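Everything below concerns the one structure shown next.
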Amino acid sequence: MNAKTKPPHPAIDVPAVEGIAARVAALDLVQAAVERRGGLDDALARTPFIALALRDRAFARALAGTVLRRLGQIDAALDARLQKPPPEAARWLLRLGAAQLLYMDVPAHAAVSVSVEQASAANATRPYKGLVNAVLRALARDEALEGGPELLAPSWLLARWRAAYGEAAAGVIAAAIAEEPPTDLTLKGGVHDALVQALQAERLPTGGLRTPLKGDVAEWPGFAEGGWWVQDAAAALPARLLGVQPGQTALDLCAAPGGKLLQLAAAGARVTALDRSAARLKRLSQNLARTNLSAEVVVADGCAWADTRTFDAVLLDAPCSATGTFRRHPDVLWAARPGDIAKLVVLQARLLDAAAGRVRPGGRLIYCVCSLEPEEGEAQAEALLQRRSDFEVDAVAAGEAGTPLRALTPQGFVRPLPGAAEPELGGDGFFIARFVRCPA
């Protein structure tokens with residue numbers, strides 16, 4: 001692939017060749033995401049990223065995102081031009097350079113020369129600056145081997161998706177990895193035409209908005225006034241399906257960072273927000289303050305919370321592999337390991353039992369995960385029914401809370417798939433099960 005055949009991409013300012021700080025920050029971001037197991041958020045909050053000017057931050061984030069979305073294709077293109085695998089430090093520099101050459105509006109001379117400069121600046125990569133130069137010049141000169149969507153996801157995950165959803169659906173899911181999605185918003189109140197126009201947004205079946213705007217969301221219309229928060233369309237479904245009424249009690253058992261909690265509070269429920277992470281609850285409290293909503297915030301382990309209260313409605317968005325969120329967080333695909341799922345399943349079952357114990361007779365329970373893996377979704381819901389004879393499925397109907405018909409399973413669960421695989425919603429991959437506790 002040469003410059004004339006690059007895929008569509010957003011226009012973005014390219015920092016000058018002599019200013020390599022943005023590339024250094026991008027390298028830190030991708031290494032944090034893949035090698036430090038979920039460290040991307042931390043990397044975004046520390047130097048070298050936060051020390052950059054806004055223009056350089058935008059470039060660093062775009063470059064890191066491109067590498068993570070296209071990592072499989074980039075590695076295939078590099079491997080075709082490498083006689084033997086280089087050290088990992090050199091490979092990361094090659095990946096960043098290849099992303100600029102193949103998928104971004106970066107002039108070839110800039111992408112090559114700045115990559116060589118980066119290689120020269122570190123002891124671990126200095127001996128390989130000639131290799132970096134030669135391989136990237138070859139990429140700039142020749143057609144790159146892009147390959148199909150099968151290169152976009154780790155092979156073990158793609159095999160899982162084929163087994164769960166079929167060959168065709170797995171291909172559509174994988175193809176979505178390469179596309180940067182728009183931003184979905186949940187509104188505190190109703191939809192106003194003026195806000196729709198100001199955000200250049202379209203209305204979603206979930207009652208929210210979808211906007212193509214980029215950049216700092218704090219600068220967008222309505223943010224400072226607390227009129228909305230960022231929340232994927234699929235992630236907005238669980239709280240809506242819980243159907244809390246004003247004055248009812250609700251427990252959000254793993255509440256941070258708080259999007260679903262804000263929905264419950266905005267609906268008028270008396271909400272208790274529980275999470276084991278005080279740091280994550282601090283962000284939740286900030287969102288409550290910005291939106292002028294209220295909730296009881298508790299730092300505690302959901303499996304060991306000493307409080308004996310029961311609630312009209314309980315929502316458990318359980319810790320999971322998060323493989324359904326790759327559209328906005330492509331790092332999850334490369335940070336995940338096959339052994340993670342089995343460990344998470346054990347934790348999810350414990351939390352689900354704890355959540356069930358918090359539902360009053362006649363009350364409702366939502367269990368959800370942003371994972372595409374059936375063990376974390378359908379299997380957990382079915383196992384709860386085997387363990388708790390006092391719970392039954394409260395089947396979701398087509399159109400309820402904006403739920404697409406094709407997202408419904410035969411058991412009455414909700415299983416939206418990512419992006420184009422679920423065109424009516426076009427959000428992340430998710431699983432949602434709704435239960436009712438039988439009256440005593």
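Letters for chains follow the order of the structure tokens (A, B, ...), residue numbers begin at 1 for each chain, and ligand numbers begin at 1 in the order shown.
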Members of range 180-356 of chain A assigned strand (DSSP E) by DSSP, as an MDAnalysis selection string: chainID A and resid 183:187 202:203 209:211 228:230 249:252 270:275 296:299 311:317
With only C-alpha atoms as the counted atoms, please give the residues lying no more than 7 Å from Gly419 in chain A, apart from itself and same-chain residues fewer than 6 positions off, as a PDB file with N, CA and C atoms, in the first residue's frame.
ATOM      1  N   ALA A 176     -14.233  -4.162  12.301  1.00  0.00           N
ATOM      2  CA  ALA A 176     -14.531  -2.932  13.050  1.00  0.00           C
ATOM      3  C   ALA A 176     -13.344  -2.449  13.866  1.00  0.00           C
ATOM      4  N   GLY A 426     -24.963  -0.030  16.527  1.00  0.00           N
ATOM      5  CA  GLY A 426     -23.651   0.468  16.129  1.00  0.00           C
ATOM      6  C   GLY A 426     -22.728   0.798  17.281  1.00  0.00           C
ATOM      7  N   GLY A 427     -22.889   0.117  18.417  1.00  0.00           N
ATOM      8  CA  GLY A 427     -22.059   0.407  19.579  1.00  0.00           C
ATOM      9  C   GLY A 427     -21.054  -0.689  19.856  1.00  0.00           C
ATOM     10  N   ASP A 428     -20.692  -0.824  21.126  1.00  0.00           N
ATOM     11  CA  ASP A 428     -19.735  -1.843  21.553  1.00  0.00           C
ATOM     12  C   ASP A 428     -20.410  -3.204  21.645  1.00  0.00           C
TER      13      ASP A 428
END
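Distance annotation: of A:Phe431, A:Gln263, A:Thr186, A:Pro221, the residue with the minimal separation from Gln200 in chain A is A:Pro221; atom set is only C-alpha atoms.
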Name the residues of range 218-320 of chain A that fall into alpha helix (DSSP H) according to DSSP on the backbone, using the chain letters and numbers of this document, as a ChimeraX atom specification. /A:237-242,259-266,278-291
Resulting file, chosen residues, C-alpha atoms, as an mmCIF file, in the first residue's frame:
data_model
loop_
_atom_site.group_PDB
_atom_site.id
_atom_site.type_symbol
_atom_site.label_atom_id
_atom_site.label_comp_id
_atom_site.auth_asym_id
_atom_site.auth_seq_id
_atom_site.Cartn_x
_atom_site.Cartn_y
_atom_site.Cartn_z
ATOM 1 C CA LEU A 237 -28.850 -0.227 27.677
ATOM 2 C CA PRO A 238 -28.409 -2.010 31.066
ATOM 3 C CA ALA A 239 -29.501 0.886 33.267
ATOM 4 C CA ARG A 240 -32.397 1.696 30.941
ATOM 5 C CA LEU A 241 -33.518 -1.939 30.990
ATOM 6 C CA LEU A 242 -33.428 -1.967 34.799
ATOM 7 C CA GLY A 259 -22.067 6.172 33.532
ATOM 8 C CA LYS A 260 -24.787 3.717 34.569
ATOM 9 C CA LEU A 261 -24.957 5.231 38.039
ATOM 10 C CA LEU A 262 -25.670 8.646 36.499
ATOM 11 C CA GLN A 263 -28.498 7.089 34.490
ATOM 12 C CA LEU A 264 -30.068 5.593 37.612
ATOM 13 C CA ALA A 265 -29.741 8.843 39.538
ATOM 14 C CA ALA A 266 -31.160 10.854 36.632
ATOM 15 C CA ALA A 278 -11.395 4.761 45.983
ATOM 16 C CA ALA A 279 -9.498 6.366 43.106
ATOM 17 C CA ARG A 280 -12.129 5.343 40.569
ATOM 18 C CA LEU A 281 -14.921 6.507 42.884
ATOM 19 C CA LYS A 282 -13.280 9.937 43.036
ATOM 20 C CA ARG A 283 -13.885 10.301 39.304
ATOM 21 C CA LEU A 284 -17.458 9.093 39.823
ATOM 22 C CA SER A 285 -18.030 11.732 42.502
ATOM 23 C CA GLN A 286 -16.702 14.399 40.149
ATOM 24 C CA ASN A 287 -19.228 13.321 37.520
ATOM 25 C CA LEU A 288 -22.031 13.447 40.080
ATOM 26 C CA ALA A 289 -21.035 16.992 40.986
ATOM 27 C CA ARG A 290 -20.808 18.122 37.366
ATOM 28 C CA THR A 291 -24.245 16.744 36.537
#
Which residues come within 10 Å of Thr403 in chain A, counting only C-alpha atoms, excluding same-chain residues fewer than 5 positions away, as a count of residues only? 15
So, with only C-alpha atoms as the atoms that count, which of A:Phe435, A:Trp305, A:Phe430, A:Tyr128 lies closest to Pro361 in chain A? A:Phe435
Which residue of A:Ala64, A:Gly258, A:Gln197, A:Ala433 approaches Glu378 in chain A most closely, using only C-alpha atoms: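 Closest candidate: A:Ala433.
Of the listed residues A:Arg270, A:Arg350, A:Arg434, A:Arg327, the one whose atoms come nearest to Cys368 in chain A is A:Arg434, with distances taken using only C-alpha atoms.
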Which residue gives the smallest distance to Arg364 in chain A among A:Val244, A:Ile177, A:Ala235, A:Ala153, with only C-alpha atoms counted?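 Selected residue with least distance to Arg364 in chain A: A:Val244.
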With a distance cut-off of 9 Å and only C-alpha atoms, select the neighbouring residues of range 83-91 of chain A, excluding the residue or stretch itself and same-chain residues fewer than 4 positions from it, and output the selection as a PyMOL selection string. chain A and resi 75+78-79+95-96+119+124-126+128-129+131-132
Taking only C-alpha atoms into account, name the residue in A:Pro48, A:Pro181, A:Gly148, A:Gly166 that is nearest to Gln73 in chain A.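 Between A:Pro48, A:Pro181, A:Gly148, A:Gly166, the residue approaching Gln73 in chain A most closely is A:Gly148.
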